Every structure is written in C-alpha cells, then in structure tokens.
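Visitor: Dumping the structure here so I can ask a few things about it.
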Amino acid sequence: MTAPGSVLIVGASAAGLSTAEALRRQGHRGRLTLLDAEPHLPYDRPPLSKQVLAGDWEPGRAQLRTQAQLEALDAEFVRGEPAVAFDAAAREVRTATGRVLRGDAVVIATGLTPCRLPGQRGLAGVHELRGLDDALTLRTHLTAARRLVVVGEGVLGGEIAATARKLGLDVTLAGLGPAILADQVGGPVSGLLTRTHAERGVALRLGVAVEELTSAGGRVTGVRLATGELLPADAVVVAIGSRPATGWLSGSGLPLGDGVECDSRCRAAEGVYAVGDVASWFHEGYGRRLRLENRTNATEQAQVVAANVLGADRPYEPIPYFWTDQYDIKIQAHGLPSATAEVSFAEGDPGQGRFAALYRENGQVTGVLGWNMPKQARVLRQQHLATRPVTTA
C-alpha cells in the first residue's frame with residue numbers, strides 16, 4: 001500500500017493519540033482526523049483508579065497533552081461522537097449523529113467496554129471505572145459513603161480497593177478467583193498481594209460468585225454472594241473485566257474475535273489497522289495471537305502501526321509489560337508471567353517487601369516480575385527475556 005493521503009483514527013485515548021503523533025513524526029503531512037466518543041481532551045487512564053480517585057490529582061492533570069500540543073498536531077478532533085458502523089471496503093465510519101467520515105487508511109483504537117452484572121444498569125450507587133467521568137462520579141460518592149464493596153479481583157479491583165482503604169472506607173473485595181491477580185501473576189505473588197490487602201483492612205470474599213445486587217428505592221444496598229452471605233454496601237464498584245469495544249464493527253467485514261483480529265503488522269484489512277486494547281494481533285515471536293490491555297502496549301504498538309500505515313512492513317513483537325500500584329507497592333511484570341508457571345525469587349526477599357521473581361515454563365524463563373524492585377526487574381528482563389521471544393509450546 002502506498003502512503004495514504006488521509007488517515008482516520010477512531011478513538012483518541014492513549015493508543016489513538018500516540019498513533020497520530022507517530023504519524024506526524026514519521027512524515028505524514030496529509031489530513032489526520034481523530035474521532036472519539038468522549039467529550040474530553042485525551043487523558044490517561046491508569047491514574048483514574050489511583051491519583052484521580054483519591055483526590056490527589058485534579059482531573060486536568062490526567063490530560064495526555066496540552067491544548068497547544070494538540071493543536072500542533074494539525075489534526076481534526078471530532079469529540080463526543082461515538083462510532084456506530086464501519087464499512088471496511090470503503091473505509092467509511094458512521095457516527096451516532098449520522099455523520100460519515102472516511103480515510104485512505106483507518107486505525108481502530110476504540111479500546112474496551114466494561115462487563116456488567118445483571119441488574120447493574122440504572123441502579124444508583126453502582127459504579128464502573130472506565131473513563132474520567134466514572135472516576136469523578138465515584139470519587140464524589142466515596143466521600144459520602146462508609147461501606148464499599150468491590151466486585152472483581154483483577155488489577156482494577158485491587159487498585160480501587162487500595163485507594164478506598166486509604167480514603168478510610170470499610171472495603172470488602174469479592175471475586176471468583178482464589179487470590180488478587182491470581183490469573184496475572186500466579187500463586188506466590190498473588191498470595192502475598194492478597195495478604196497485604198487483608199493486613200490493610202480489606203475484607204476478602206474470594207473464590208465465590210456474586211448472585212445479585214440488592215437494592216431499595218432504586219439504590220444499591222448490598223451484594224449477595226452465591227453462599228447466601230449479604231455484603232452491605234453504600235457503594236458498589238463492578239470491576240469484573242472488560243471486552244474489546246467492537247460492537248460497532250458488526251457487519252463491517254472485519255474479522256472479529258477477542259478484539260479486531262490483525263496480522264503481525266496489526267493490519268485487519270487492506271488499509272485498516274487496529275491498535276491498543278482492541279487489537280488482537282499475531283505475535284511472530286510467540287507464534288500465537290495476543291491482545292494486551294495496558295498503557296505501555298498502547299504507545300509502543302502505535303509506533304509500529306504508524307510506520308505500517310505509511311508503507312513500512314514491520315511486525316510488532318514486543319516483550320509484554322504491565323504494572324500496578326497498590327498501597328506502597330509497585331508491581332512491574334515483563335513477558336508473560338502466568339498462574340501455571342514455576343516461580344522463583346532471584347533477588348530480594350518477599351518477607352522484606354522487595355523482590356524480583358522469575359517465571360519458568362518447560363524450563364524456559366517466560367516472565368520477570370518486580371515487587372518494589374524496578375531496576376532489578378529490568379536487569380533480569382534483559383538477561384532472560386529475548387527481544388524476539390520464542391514459543392514454549
């Protein structure tokens with residue numbers, strides 16, 4: 001494909017904005033349009049469950065760029081208009097207002113949509129945390145609440161529980177998994193994190209399903225578990241995961257599975273690419289399809305997508321990375337740590353609150369994790385994780 005005269009990016013959060021900036025840096029001088037469902041200027045999402053929710057940051061501090069920086073992009077920002085349909089062959093996007101936008105190349109960066117519990121929608125006092133408005137609404141509610149129930153034991157649920165405890169709320173965390181982050185970091189580390197939450201005063205109800213949300217007068221009053229136990233609540237946060245935001249792509253002609261299915265160049269069809277949380281692409285190093293939900297991937301993938309839009313032929317082969325901050329703990333994970341891997345501690349001491357761990361499967365190091373040891377984790381990453389990973393299958 002020759003370099004396009006115009007590029008349309010659907011989604012103006014970290015992945016979409018980073019793609020736009022990379023296109024300009026790499027020489028694109030044609031028309032550049034960013035369409036986004038949100039009315040806000042592009043903002044960062046990781047601080048929402050921590051600094052913004054805690055009230056340590058004003059909302060404006062989460063903005064990714066200043067107004068002047070955005071203007072310097074020489075791009076058209078179409079904000080507050082959700083995309084509702086796409087014709088991949090024509091590369092045309094229709095918005096909720098009926099507007100039709102077209103690009104010689106289209107980059108899909110619509111991210112995620114949160115999963116919900118039955119009966120959640122429309123019930124006062126029940127929150128999800130995906131966007132800036134969600135964080136501000138939850139923040140307001142928590143200042144007047146005493147008892148919070150967090151449903152979900154993943155990264156987001158753990159971060160919200162930690163933030164709420166620091167705000168002084170009585171917090172209960174319920175989830176299907178056996179420990180907090182069990183699927184992401186495996187037994188030894190997830191067990192330590194779970195014990196930390198318990199020591200900080202979080203009441204844990206793990207390994208049990210939620211049966212229903214209870215309410216009175218249209219407002220939530222609690223969470224009933226499958227065991228029959230009722231967890232009283234003034235506020236409930238549902239953090240049970242997300243799905244790629246691909247509903248608007250039904251009938252588009254694009255391959256859809258766990259996200260927009262792309263080749264190793266992040267290309268879903270001729271002239272159509274996907275980037276960030278919504279993109280499922282073939283990782284040539286691992287020999288399988290991946291989809292990563294984290295901030296680092298959004299910006300790194302954007303560089304490759306921009307290059308390929310402009311005519312390059314580069315596979316995207318990152319060593320995955322994610323982090324989470326909970327209380328005074330910073331966890332940083334490189335590669336693919338998993339619940340099935342054998343874990344060994346290479347540096348530090350878990351009992352002292354600082355360590356770096358190696359994850360092995362079939363004798364090969366597949367992941368590195370640092371717990372308040374970022375430098376050591378980076379060194380181990382360089383020593384043990386190849387730039388072009390190989391499959392362990």
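Chain identifiers are assigned as A, B, and so on, following the order in which chains appear in the structure tokens; residues are numbered from 1 within each chain, and ligands are numbered from 1 in order of appearance.
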I'd like to know which residues of segment 79-275 of chain A are strand (DSSP E) (by DSSP, run on the backbone); could you write them as a ChimeraX atom specification?

Guide: /A:79,83-87,92-95,100-102,105-108,112-114,126-127,147-151,170-175,203-206,210-216,219-225,230-232,235-238,242-244,256-257,259-262,267-269,272-274

Visitor: Can you tell me, as a list in words, what residues are no more than 7 Å from Phe282 of chain A when counting only C-alpha atoms, ignoring any on the same chain fewer than 6 positions away?

Guide: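 Counting only the stated atoms, we get Cys262, Asp263, Ser264, Arg288, Arg289 and Leu290 of chain A.
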
Visitor: Convert the current residue selection to file output with N, CA, C and O atoms, as a PDB file, in the first residue's frame.

Guide:
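Generated output (selection-v9.pdb):
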ATOM      1  N   CYS A 262      -5.952  -9.083  13.727  1.00  0.00           N
ATOM      2  CA  CYS A 262      -4.982  -8.495  12.799  1.00  0.00           C
ATOM      3  C   CYS A 262      -3.850  -9.474  12.517  1.00  0.00           C
ATOM      4  O   CYS A 262      -3.630 -10.436  13.257  1.00  0.00           O
ATOM      5  N   ASP A 263      -3.112  -9.196  11.459  1.00  0.00           N
ATOM      6  CA  ASP A 263      -1.899  -9.957  11.192  1.00  0.00           C
ATOM      7  C   ASP A 263      -0.763  -9.402  12.053  1.00  0.00           C
ATOM      8  O   ASP A 263      -0.978  -8.550  12.932  1.00  0.00           O
ATOM      9  N   SER A 264       0.459  -9.868  11.800  1.00  0.00           N
ATOM     10  CA  SER A 264       1.590  -9.449  12.627  1.00  0.00           C
ATOM     11  C   SER A 264       1.943  -7.986  12.434  1.00  0.00           C
ATOM     12  O   SER A 264       2.700  -7.415  13.221  1.00  0.00           O
ATOM     13  N   ARG A 288       1.781 -16.967  18.306  1.00  0.00           N
ATOM     14  CA  ARG A 288       0.350 -17.024  18.620  1.00  0.00           C
ATOM     15  C   ARG A 288      -0.230 -15.613  18.699  1.00  0.00           C
ATOM     16  O   ARG A 288       0.503 -14.624  18.685  1.00  0.00           O
ATOM     17  N   ARG A 289      -1.532 -15.586  18.795  1.00  0.00           N
ATOM     18  CA  ARG A 289      -2.238 -14.309  18.845  1.00  0.00           C
ATOM     19  C   ARG A 289      -2.226 -13.747  20.267  1.00  0.00           C
ATOM     20  O   ARG A 289      -2.378 -14.482  21.246  1.00  0.00           O
ATOM     21  N   LEU A 290      -2.049 -12.419  20.382  1.00  0.00           N
ATOM     22  CA  LEU A 290      -2.064 -11.740  21.672  1.00  0.00           C
ATOM     23  C   LEU A 290      -2.998 -10.537  21.611  1.00  0.00           C
ATOM     24  O   LEU A 290      -3.214  -9.950  20.554  1.00  0.00           O
TER      25      LEU A 290
END

Visitor: Which is closest to Ala72 of chain A among A:Ala20, A:Leu35, A:Val220, A:Val93, if we use only C-alpha atoms?

Guide: A:Ala20

Visitor: If you count only C-alpha atoms, which residues fall within 10 Å of Pro4 of chain A, apart from same-chain ones fewer than 3 positions away, as a PyMOL selection string?

Guide: chain A and resi 1+7+28-31+103-106+271+309-311

Visitor: Neighbouring residues of segment 144-155 of chain A were defined as those with any atom within 6 Å, considering only C-alpha atoms; residues of the same chain fewer than 2 positions away were excluded. Please report them as a list in words.

Guide: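 In the requested form, the answer reads His141, Leu142, Gly157, Gly158, Leu169, Asp170, Val171, Thr172, Leu173, Ala174, Gly175, Ile180, Leu181, Ala233, Asp234, Ala235, Val236, Val237, Val238, Ala239 and Ile240 of chain A.
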
Visitor: As a PyMOL selection string, please: the residues near Arg243 of chain A (cut-off 8 Å, only C-alpha atoms, same-chain neighbours under 2 positions excluded).

Guide: chain A and resi 112-115+241+245+258-259

Visitor: Name the residues in contact with segment 45-60 of chain A at a cut-off of 10 Å, using only C-alpha atoms, excluding same-chain residues fewer than 3 positions from it; report them as a ChimeraX atom specification.

Guide: /A:13-14,40-42,63-66,129-140,142-143,155-167,294-295,323-327

Visitor: Need to verify the contact set: Ala83 of chain A, 10 Å, only C-alpha atoms, exclusion of same-chain residues closer than 2 positions in sequence. Can you return it as a PDB file with N, CA and C atoms, in the first residue's frame?

Guide:
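Result went into result.pdb, see below:
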ATOM      1  N   VAL A  10     -10.047   6.103  14.871  1.00  0.00           N
ATOM      2  CA  VAL A  10     -11.284   6.001  15.647  1.00  0.00           C
ATOM      3  C   VAL A  10     -10.905   5.650  17.080  1.00  0.00           C
ATOM      4  N   GLY A  11     -10.967   6.645  17.952  1.00  0.00           N
ATOM      5  CA  GLY A  11     -10.525   6.506  19.332  1.00  0.00           C
ATOM      6  C   GLY A  11      -9.345   7.415  19.588  1.00  0.00           C
ATOM      7  N   LEU A  35     -11.514  10.639  15.775  1.00  0.00           N
ATOM      8  CA  LEU A  35     -12.909  10.583  16.209  1.00  0.00           C
ATOM      9  C   LEU A  35     -12.965   9.898  17.559  1.00  0.00           C
ATOM     10  N   ASP A  36     -13.689  10.498  18.512  1.00  0.00           N
ATOM     11  CA  ASP A  36     -13.751   9.895  19.845  1.00  0.00           C
ATOM     12  C   ASP A  36     -15.129  10.081  20.449  1.00  0.00           C
ATOM     13  N   ALA A  37     -15.584   9.073  21.189  1.00  0.00           N
ATOM     14  CA  ALA A  37     -16.905   9.129  21.799  1.00  0.00           C
ATOM     15  C   ALA A  37     -16.956  10.089  22.984  1.00  0.00           C
ATOM     16  N   GLY A  80     -16.979  13.579  21.262  1.00  0.00           N
ATOM     17  CA  GLY A  80     -18.359  13.396  21.698  1.00  0.00           C
ATOM     18  C   GLY A  80     -19.248  12.759  20.653  1.00  0.00           C
ATOM     19  N   GLU A  81     -18.671  12.048  19.688  1.00  0.00           N
ATOM     20  CA  GLU A  81     -19.446  11.362  18.646  1.00  0.00           C
ATOM     21  C   GLU A  81     -19.013   9.904  18.569  1.00  0.00           C
ATOM     22  N   ALA A  85     -20.921   2.416  13.099  1.00  0.00           N
ATOM     23  CA  ALA A  85     -20.844   1.464  11.990  1.00  0.00           C
ATOM     24  C   ALA A  85     -19.599   1.734  11.166  1.00  0.00           C
ATOM     25  N   PHE A  86     -19.117   0.668  10.489  1.00  0.00           N
ATOM     26  CA  PHE A  86     -17.910   0.788   9.677  1.00  0.00           C
ATOM     27  C   PHE A  86     -18.033  -0.086   8.438  1.00  0.00           C
ATOM     28  N   VAL A  93     -16.647   5.413   8.240  1.00  0.00           N
ATOM     29  CA  VAL A  93     -17.185   5.282   9.588  1.00  0.00           C
ATOM     30  C   VAL A  93     -18.411   6.173   9.711  1.00  0.00           C
ATOM     31  N   ARG A  94     -19.484   5.592  10.243  1.00  0.00           N
ATOM     32  CA  ARG A  94     -20.685   6.383  10.511  1.00  0.00           C
ATOM     33  C   ARG A  94     -20.794   6.598  12.005  1.00  0.00           C
ATOM     34  N   THR A  95     -21.109   7.845  12.416  1.00  0.00           N
ATOM     35  CA  THR A  95     -21.211   8.183  13.836  1.00  0.00           C
ATOM     36  C   THR A  95     -22.670   8.169  14.280  1.00  0.00           C
ATOM     37  N   ALA A  96     -22.849   8.326  15.588  1.00  0.00           N
ATOM     38  CA  ALA A  96     -24.193   8.291  16.166  1.00  0.00           C
ATOM     39  C   ALA A  96     -25.066   9.427  15.657  1.00  0.00           C
ATOM     40  N   THR A  97     -24.463  10.499  15.187  1.00  0.00           N
ATOM     41  CA  THR A  97     -25.242  11.627  14.662  1.00  0.00           C
ATOM     42  C   THR A  97     -25.544  11.476  13.172  1.00  0.00           C
ATOM     43  N   GLY A  98     -25.045  10.386  12.551  1.00  0.00           N
ATOM     44  CA  GLY A  98     -25.255  10.178  11.125  1.00  0.00           C
ATOM     45  C   GLY A  98     -24.150  10.706  10.248  1.00  0.00           C
ATOM     46  N   ARG A  99     -23.152  11.302  10.867  1.00  0.00           N
ATOM     47  CA  ARG A  99     -22.013  11.820  10.116  1.00  0.00           C
ATOM     48  C   ARG A  99     -21.190  10.665   9.542  1.00  0.00           C
ATOM     49  N   VAL A 100     -20.657  10.823   8.354  1.00  0.00           N
ATOM     50  CA  VAL A 100     -19.825   9.811   7.716  1.00  0.00           C
ATOM     51  C   VAL A 100     -18.420  10.374   7.527  1.00  0.00           C
ATOM     52  N   LEU A 101     -17.435   9.657   8.069  1.00  0.00           N
ATOM     53  CA  LEU A 101     -16.035  10.053   7.954  1.00  0.00           C
ATOM     54  C   LEU A 101     -15.293   8.967   7.186  1.00  0.00           C
ATOM     55  N   THR A 110     -10.577   1.845  19.612  1.00  0.00           N
ATOM     56  CA  THR A 110     -11.757   2.095  20.452  1.00  0.00           C
ATOM     57  C   THR A 110     -11.688   1.447  21.829  1.00  0.00           C
ATOM     58  N   GLY A 247     -18.480  -3.824  19.139  1.00  0.00           N
ATOM     59  CA  GLY A 247     -19.884  -3.949  18.745  1.00  0.00           C
ATOM     60  C   GLY A 247     -20.236  -3.122  17.528  1.00  0.00           C
ATOM     61  N   TRP A 248     -19.637  -1.947  17.415  1.00  0.00           N
ATOM     62  CA  TRP A 248     -19.936  -1.052  16.287  1.00  0.00           C
ATOM     63  C   TRP A 248     -19.368  -1.583  14.970  1.00  0.00           C
ATOM     64  N   LEU A 249     -18.533  -2.631  15.039  1.00  0.00           N
ATOM     65  CA  LEU A 249     -17.913  -3.189  13.839  1.00  0.00           C
ATOM     66  C   LEU A 249     -18.673  -4.387  13.276  1.00  0.00           C
TER      67      LEU A 249
END

Visitor: I need the residues of segment 32-223 of chain A that end up classed as alpha helix (DSSP H) by DSSP on the backbone, written out as a PyMOL selection string.

Guide: chain A and resi 51-54+67-72+132-144+155-166+182-185+187-199

Visitor: Kindly indicate which residue among A:Ala341, A:Leu256, A:Val126, A:Leu117 lies nearest to Gly222 of chain A, using only C-alpha atoms for the distances.

Guide: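 Looking only at the distances to Gly222 of chain A, the closest residue turns out to be A:Val126.
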